[in-house]
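Below is one structure; the comments refer to it alone.
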Protein chains: 2
Amino acid sequence: MVSFRLCDEKIAFTYKFMKLSEYFLPVIKENPKEAEIVSHRLMLRAGMVRQLGSGIYNWLPLGFAVLKNIEQIVREEMNAIGCVELLMPTIQPAELWKESGRYDAYGKEMLRISDRQEREMLYGPTNEEIITDIFRKSCKSYKDVPKFLYHMQWKFRDEIRPRFGVMRGREFYMKDAYSFDIDEKSARESYFKFHAAYLKTFERMGLKAIPVRAETGPIGGDLSHEFHVIAETGESALYYTEDYSYAAADEMHKPEAAPEGVLQARGIEVGHIFYFGTKYSDAMKAVVRNQDGQENAVHMGAYGIGLSRLVAAVIEASHDDSGIIWPESVAPFKVGLINIKSADEKCVKICDEIYAKLPSCLYDDRAESAGAKFATMDLIGLPWQIAIGPRGVENGTVELKNRRTGEKQELSIESAIAHVS
Amino acid sequence: MVSFRLCDEKIAFTYKFMKLSEYFLPVIKENPKEAEIVSHRLMLRAGMVRQLGSGIYNWLPLGFAVLKNIEQIVREEMNAIGCVELLMPTIQPAELWKESGRYDAYGKEMLRISDRQEREMLYGPTNEEIITDIFRKSCKSYKDVPKFLYHMQWKFRDEIRPRFGVMRGREFYMKDAYSFDIDEKSARESYFKFHAAYLKTFERMGLKAIPVRAETGPIGGDLSHEFHVIAETGESALYYTEDYSYAAADEMHKPEAAPEGVLQARGIEVGHIFYFGTKYSDAMKAVVRNQDGQENAVHMGAYGIGLSRLVAAVIEASHDDSGIIWPESVAPFKVGLINIKSADEKCVKICDEIYAKLPSCLYDDRAESAGAKFATMDLIGLPWQIAIGPRGVENGTVELKNRRTGEKQELSIESAIAHVS
């Protein structure tokens, strides 16, 4: 499994070109009253999402593009450790959940549904039962393991108090992976492959994620880590050392056991991994034969990442008073092109030329004031801004701005294009 | 809008590399009893899908990869006409459907749900109401139109008799696009942009799709076309001329009005487009101001493609007695690499070398008989097969087979790689 090579394609969802006049970007100037945290406020203001119902959101084009970029980074890192993608449906029959015993145990957070034949169904809040059923029907031998399977699918959890926008929604997008191994030793090796992949995944999104030991809770098992993104606005208190050799969550932190110089920060949980042994394979009789022909319950782990929540977490970790600051890897466009004087024919001509040469560009071609255009670009947080006005056209120069540092440079058109390419 | 340039990226989901020993491909040798049509039979046998409940399917890796390739072709062709992608949720509150009047009109096919607060919700069977709501909240002026928006999302229709596998499932994957225009003339132009994009979309999938005039039915309006893929096993009878200037469905076909030399075939409906004027914008007050400041209801069209059904439709249109024959554009891998003697070190070495050089390859490295491997490759239908055995290794040659024609060639390794690259 270690030598697994697959899917090294680079799929970037990032749009190559778009004129703002033809896009759908309903930005809002005022701060929406209902938004209690900065990511919720900025996602509404930047036209990324709109609420449809309690804890249920429409993802507008800008938000959707970021979600797809995050999805793709997760996909690449899952594929890199030999995890194979499939897709389980959202609606599940109740039977498998009765087999595992969770149908009654899972409280009111499970959205229960009856179809026209009065059959009991539910909107999947997670997928241990389904994946165990898929595995047990096809994999019977030690030759079939280790096997890593994952999917990215919408989940529904009927939270009693949905809040903070997509940070704690009811319909949310999650990557859940599952590992199947012959024994505990192999299963723990698999667990730490996912652990390492998670660190790389979050790093690629420009996030500092800290793995902290966690309780396994109702999912079962004895080994679990949560991954927390550091952000001032985080819900959890974190205690950790620089090398993560010590890291705990509020309830796991014991000041007397902590090393000297322990750091403290706030964190947002964006991933959770579990090794839960044979909890589901025992209940659902998922067994594999070993080399001696003996049947043993398969050892399982589960590995979640909150994809829709990550969009908000990136914003919590990376913004300023003017708006969002996207890391390049998840940015919906790399460059924002601003025509300062859209009625000026020369400006339009130069903008059109640059637009055609940029790698991934949102071109603000609207008949708005320069101030409004700069404010919109700062709000939506594209990594680079290129502004063109009549004076620059005369001199053959443009203004290039780095959204993160705020640094501005007067450059020739060619240099500016080279800079962002 | 015509000059719209965006998203010309080529995203291919197709895996680059995969060893069969590490993949998840549960093929079935016998024909499953429950499968009444060839696509359902082959999708089960080739390990593409597994039924989870009535009309609800798990998409296993091979099926999922084809679904993603189909999704990507549709995405590119929608983007090419300036249609902007977003994502609406699966669970919708009942309120908007009451506003349009469809909450009561839509019968038992709508999956109705109550949450823990006893709020009325539903699993979206289609999205006219939600998209109209998104539009009316942000677009108020003639400057905001024409606007084309689409999403690709799972839908649920509680069919009384789900059957034929994913061809008529209950949870199914659909692309639905919506157009918004200032008046009927402009709306009809938009309609025919989608019409043209649909022909291109299906052609790229290797399908012959015939647009036939259709009744609009309960969705409303006076202009509608269905797109039917020609397949012997199709549910509908089609009558058409070579240039499609005449094309009708069973109920629309009038022998006395048909031109001479009309052709007859069976078809599978894979797309349906509608111009329905102001039906929803009147009911939901979606208005835009024209240049004189007057408010007018916006003119709308809706454009659906059955993404999950298309996977089955491609198979119905392209298979033989040995299995599936994928068109290259949707194939999950381009090449199947067969090691005829996997215990032979020289064969393994050469296979590993070729595997590293192929563009997109599923490598059957398992310890199975050559016959079983050839049968599996024929069944799963990859466009090309490269087989390597001890005799070829001695001569420095491989056998290259074209799955569609069955033609085999003895070639040098370099020529074979060049041939499929």
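A note on labels: chains of the structure tokens are A, B, ... as shown, every chain counts residues from 1, and ligands are counted from 1 in their shown order.
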
Could you give me the residues within range 37-158 of chain A that DSSP places in strand (DSSP E), as a PyMOL selection string? chain A and resi 49-53+56-59+83-85+91-93+111-114+120-123+147-156

The selected residues should be written to file as an mmCIF file, in the first residue's frame (atoms: N, CA and C atoms).
data_model
loop_
_atom_site.group_PDB
_atom_site.id
_atom_site.type_symbol
_atom_site.label_atom_id
_atom_site.label_comp_id
_atom_site.auth_asym_id
_atom_site.auth_seq_id
_atom_site.Cartn_x
_atom_site.Cartn_y
_atom_site.Cartn_z
ATOM 1 N N VAL A 49 -22.237 32.960 0.398
ATOM 2 C CA VAL A 49 -23.356 32.097 0.781
ATOM 3 C C VAL A 49 -24.589 32.939 1.074
ATOM 4 N N ARG A 50 -25.749 32.313 1.028
ATOM 5 C CA ARG A 50 -26.996 32.911 1.484
ATOM 6 C C ARG A 50 -27.766 31.833 2.235
ATOM 7 N N GLN A 51 -28.339 32.235 3.358
ATOM 8 C CA GLN A 51 -29.109 31.260 4.128
ATOM 9 C C GLN A 51 -30.420 30.925 3.411
ATOM 10 N N LEU A 52 -30.746 29.623 3.354
ATOM 11 C CA LEU A 52 -32.019 29.201 2.772
ATOM 12 C C LEU A 52 -33.010 28.856 3.871
ATOM 13 N N GLY A 53 -32.502 28.238 4.934
ATOM 14 C CA GLY A 53 -33.323 27.893 6.078
ATOM 15 C C GLY A 53 -32.397 27.781 7.272
ATOM 16 N N ILE A 56 -29.076 25.913 6.886
ATOM 17 C CA ILE A 56 -29.041 25.413 5.505
ATOM 18 C C ILE A 56 -28.678 26.577 4.579
ATOM 19 N N TYR A 57 -27.656 26.385 3.745
ATOM 20 C CA TYR A 57 -27.111 27.495 2.956
ATOM 21 C C TYR A 57 -27.038 27.199 1.464
ATOM 22 N N ASN A 58 -27.314 28.245 0.670
ATOM 23 C CA ASN A 58 -26.958 28.234 -0.743
ATOM 24 C C ASN A 58 -25.510 28.670 -0.857
ATOM 25 N N TRP A 59 -24.731 27.940 -1.652
ATOM 26 C CA TRP A 59 -23.342 28.338 -1.915
ATOM 27 C C TRP A 59 -23.323 29.092 -3.235
ATOM 28 N N CYS A 83 -5.965 6.094 -0.727
ATOM 29 C CA CYS A 83 -7.375 6.041 -0.342
ATOM 30 C C CYS A 83 -8.190 6.212 -1.630
ATOM 31 N N VAL A 84 -9.173 5.341 -1.829
ATOM 32 C CA VAL A 84 -9.915 5.287 -3.090
ATOM 33 C C VAL A 84 -11.278 5.955 -2.910
ATOM 34 N N GLU A 85 -11.616 6.835 -3.866
ATOM 35 C CA GLU A 85 -12.854 7.615 -3.736
ATOM 36 C C GLU A 85 -14.058 6.879 -4.306
ATOM 37 N N ILE A 91 -29.468 9.604 1.408
ATOM 38 C CA ILE A 91 -30.602 8.952 2.067
ATOM 39 C C ILE A 91 -30.283 7.475 2.273
ATOM 40 N N GLN A 92 -30.434 7.017 3.504
ATOM 41 C CA GLN A 92 -30.062 5.654 3.852
ATOM 42 C C GLN A 92 -31.255 4.950 4.496
ATOM 43 N N PRO A 93 -31.421 3.662 4.194
ATOM 44 C CA PRO A 93 -32.473 2.914 4.898
ATOM 45 C C PRO A 93 -32.066 2.684 6.355
ATOM 46 N N LEU A 111 -31.820 13.059 11.219
ATOM 47 C CA LEU A 111 -33.037 13.454 10.508
ATOM 48 C C LEU A 111 -33.712 12.188 9.988
ATOM 49 N N ARG A 112 -34.827 11.827 10.605
ATOM 50 C CA ARG A 112 -35.518 10.589 10.265
ATOM 51 C C ARG A 112 -36.636 10.882 9.278
ATOM 52 N N ILE A 113 -36.804 9.999 8.306
ATOM 53 C CA ILE A 113 -37.684 10.257 7.166
ATOM 54 C C ILE A 113 -38.502 9.003 6.872
ATOM 55 N N SER A 114 -39.759 9.186 6.506
ATOM 56 C CA SER A 114 -40.563 8.061 6.004
ATOM 57 C C SER A 114 -40.862 8.291 4.544
ATOM 58 N N GLU A 120 -38.791 3.255 6.932
ATOM 59 C CA GLU A 120 -37.960 4.139 7.755
ATOM 60 C C GLU A 120 -36.634 4.408 7.048
ATOM 61 N N MET A 121 -36.304 5.670 6.886
ATOM 62 C CA MET A 121 -35.051 6.075 6.254
ATOM 63 C C MET A 121 -34.464 7.222 7.085
ATOM 64 N N LEU A 122 -33.293 7.679 6.692
ATOM 65 C CA LEU A 122 -32.665 8.799 7.391
ATOM 66 C C LEU A 122 -31.703 9.502 6.446
ATOM 67 N N TYR A 123 -31.400 10.764 6.756
ATOM 68 C CA TYR A 123 -30.386 11.511 6.009
ATOM 69 C C TYR A 123 -29.074 11.257 6.743
ATOM 70 N N LYS A 147 -7.392 -1.682 3.182
ATOM 71 C CA LYS A 147 -8.210 -0.978 2.181
ATOM 72 C C LYS A 147 -8.647 0.356 2.784
ATOM 73 N N PHE A 148 -8.397 1.411 2.017
ATOM 74 C CA PHE A 148 -8.821 2.752 2.455
ATOM 75 C C PHE A 148 -9.863 3.260 1.453
ATOM 76 N N LEU A 149 -11.026 3.640 1.936
ATOM 77 C CA LEU A 149 -12.088 4.165 1.073
ATOM 78 C C LEU A 149 -12.578 5.499 1.643
ATOM 79 N N TYR A 150 -12.945 6.409 0.741
ATOM 80 C CA TYR A 150 -13.491 7.683 1.246
ATOM 81 C C TYR A 150 -14.524 8.234 0.286
ATOM 82 N N HIS A 151 -15.303 9.162 0.807
ATOM 83 C CA HIS A 151 -16.186 9.926 -0.070
ATOM 84 C C HIS A 151 -16.344 11.336 0.474
ATOM 85 N N MET A 152 -16.846 12.218 -0.384
ATOM 86 C CA MET A 152 -17.155 13.588 0.021
ATOM 87 C C MET A 152 -18.629 13.782 -0.306
ATOM 88 N N GLN A 153 -19.408 13.966 0.720
ATOM 89 C CA GLN A 153 -20.855 13.985 0.522
ATOM 90 C C GLN A 153 -21.494 14.909 1.562
ATOM 91 N N TRP A 154 -22.634 15.458 1.225
ATOM 92 C CA TRP A 154 -23.385 16.289 2.165
ATOM 93 C C TRP A 154 -23.980 15.411 3.249
ATOM 94 N N LYS A 155 -23.935 15.937 4.477
ATOM 95 C CA LYS A 155 -24.497 15.265 5.638
ATOM 96 C C LYS A 155 -25.564 16.176 6.243
ATOM 97 N N PHE A 156 -26.425 15.598 7.045
ATOM 98 C CA PHE A 156 -27.399 16.421 7.772
ATOM 99 C C PHE A 156 -27.396 16.006 9.229
#

Non-local contacts of Asp364 in chain B (7 Å; only C-alpha atoms; under 5 positions in same chain excluded) as a ChimeraX atom specification: /B:19-20,337-339

Export of the given selection (N, CA and C atoms) as a compact mmCIF listing (two decimals), in the first residue's frame:
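The result, stored in again-v1.txt:
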# COMPACT_ATOMS: atom_id res chain seq x y z
N LYS B 19 -3.17 0.37 -9.34
CA LYS B 19 -2.97 -1.07 -9.40
C LYS B 19 -4.25 -1.75 -8.93
N LEU B 20 -4.67 -2.75 -9.68
CA LEU B 20 -5.95 -3.39 -9.37
C LEU B 20 -5.92 -4.02 -7.98
N LEU B 337 -3.67 -2.35 -18.28
CA LEU B 337 -2.40 -3.04 -18.46
C LEU B 337 -2.51 -4.42 -17.81
N ILE B 338 -2.25 -5.46 -18.60
CA ILE B 338 -2.43 -6.83 -18.10
C ILE B 338 -1.09 -7.54 -18.03
N ASN B 339 -0.72 -7.94 -16.84
CA ASN B 339 0.44 -8.79 -16.67
C ASN B 339 -0.05 -10.25 -16.76

Within 12 Å of Pro332 in chain B, counting only C-alpha atoms, which residues show up once you throw out same-chain ones fewer than 6 positions away? Write them as a ChimeraX atom specification, please. /A:7 /B:12-18,46,48,60-70,311,324-326,360-362,380-384

Residue neighbourhood range 392-396 of chain A, 10 Å, only C-alpha atoms, exclusion window fewer than 5 positions, as a PyMOL selection string: chain A and resi 346-347+349-351+387+410-414

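Between chain B and the candidates A:Ala313, A:Ala356, A:Ile230, A:Met284, the tightest atom-to-atom separation, counting only C-alpha atoms, involves A:Ala356.
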
Distance query range 294-307 of chain B at most 9 Å, only C-alpha atoms, self and fewer than 6 positions along chain excluded, as a ChimeraX atom specification: /B:67,70-71,74,128,132,140-141,145,150,152,172-184,186-188,190-191,194-195,198,221,227,269-282,285-288

DSSP on the backbone, alpha helix (DSSP H) only: what residues of range 267-365 of chain A does that give? Format it as a ChimeraX atom specification. /A:279-284,307-317,345-357

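Closest to Glu171 in chain A among A:Thr90, A:Thr201, A:Gln385, A:Ser39 is A:Thr90, based on only C-alpha atoms.
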
Closest to chain A among B:Ile417, B:Ala196, B:Ala367, B:Val330, using only C-alpha atoms?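 Nearest candidate to chain A out of B:Ile417, B:Ala196, B:Ala367, B:Val330: B:Ala367.
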
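Each of B:Asn290, B:Ser224, B:Thr216, B:Ser54 was checked against chain A using only C-alpha atoms; the smallest atom-to-atom distance is that of B:Ser54.
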
If you count only C-alpha atoms, which residues fall within 9 Å of Ile28 in chain B, apart from same-chain ones fewer than 5 positions away, as a compact mmCIF listing (two decimals) with C-alpha atoms, in the first residue's frame?
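part_0.txt written:
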# COMPACT_ATOMS: atom_id res chain seq x y z
CA LEU B 44 -23.47 -4.35 -11.17
CA ARG B 45 -21.13 -6.86 -12.84
CA ALA B 46 -18.36 -4.29 -13.41
CA GLY B 47 -18.47 -3.21 -9.76

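Shortest separation to chain B among A:Asp320, A:Glu109, A:Glu345, A:Glu260 occurs at residue A:Glu109, atoms counted being only C-alpha atoms.
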
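Minimum atom-to-atom distances from B:Ile134, B:Met377, B:Arg168, B:Val229 to Leu86 in chain B were compared using only C-alpha atoms, and the lowest value belongs to B:Ile134.
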
For the atom pair CA of Ala231 in chain B and CA of Ile210 in chain B, what is the interatomic distance in Å to one decimal place?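 Separating CA of Ala231 in chain B from CA of Ile210 in chain B is a distance of 11.3 Å.
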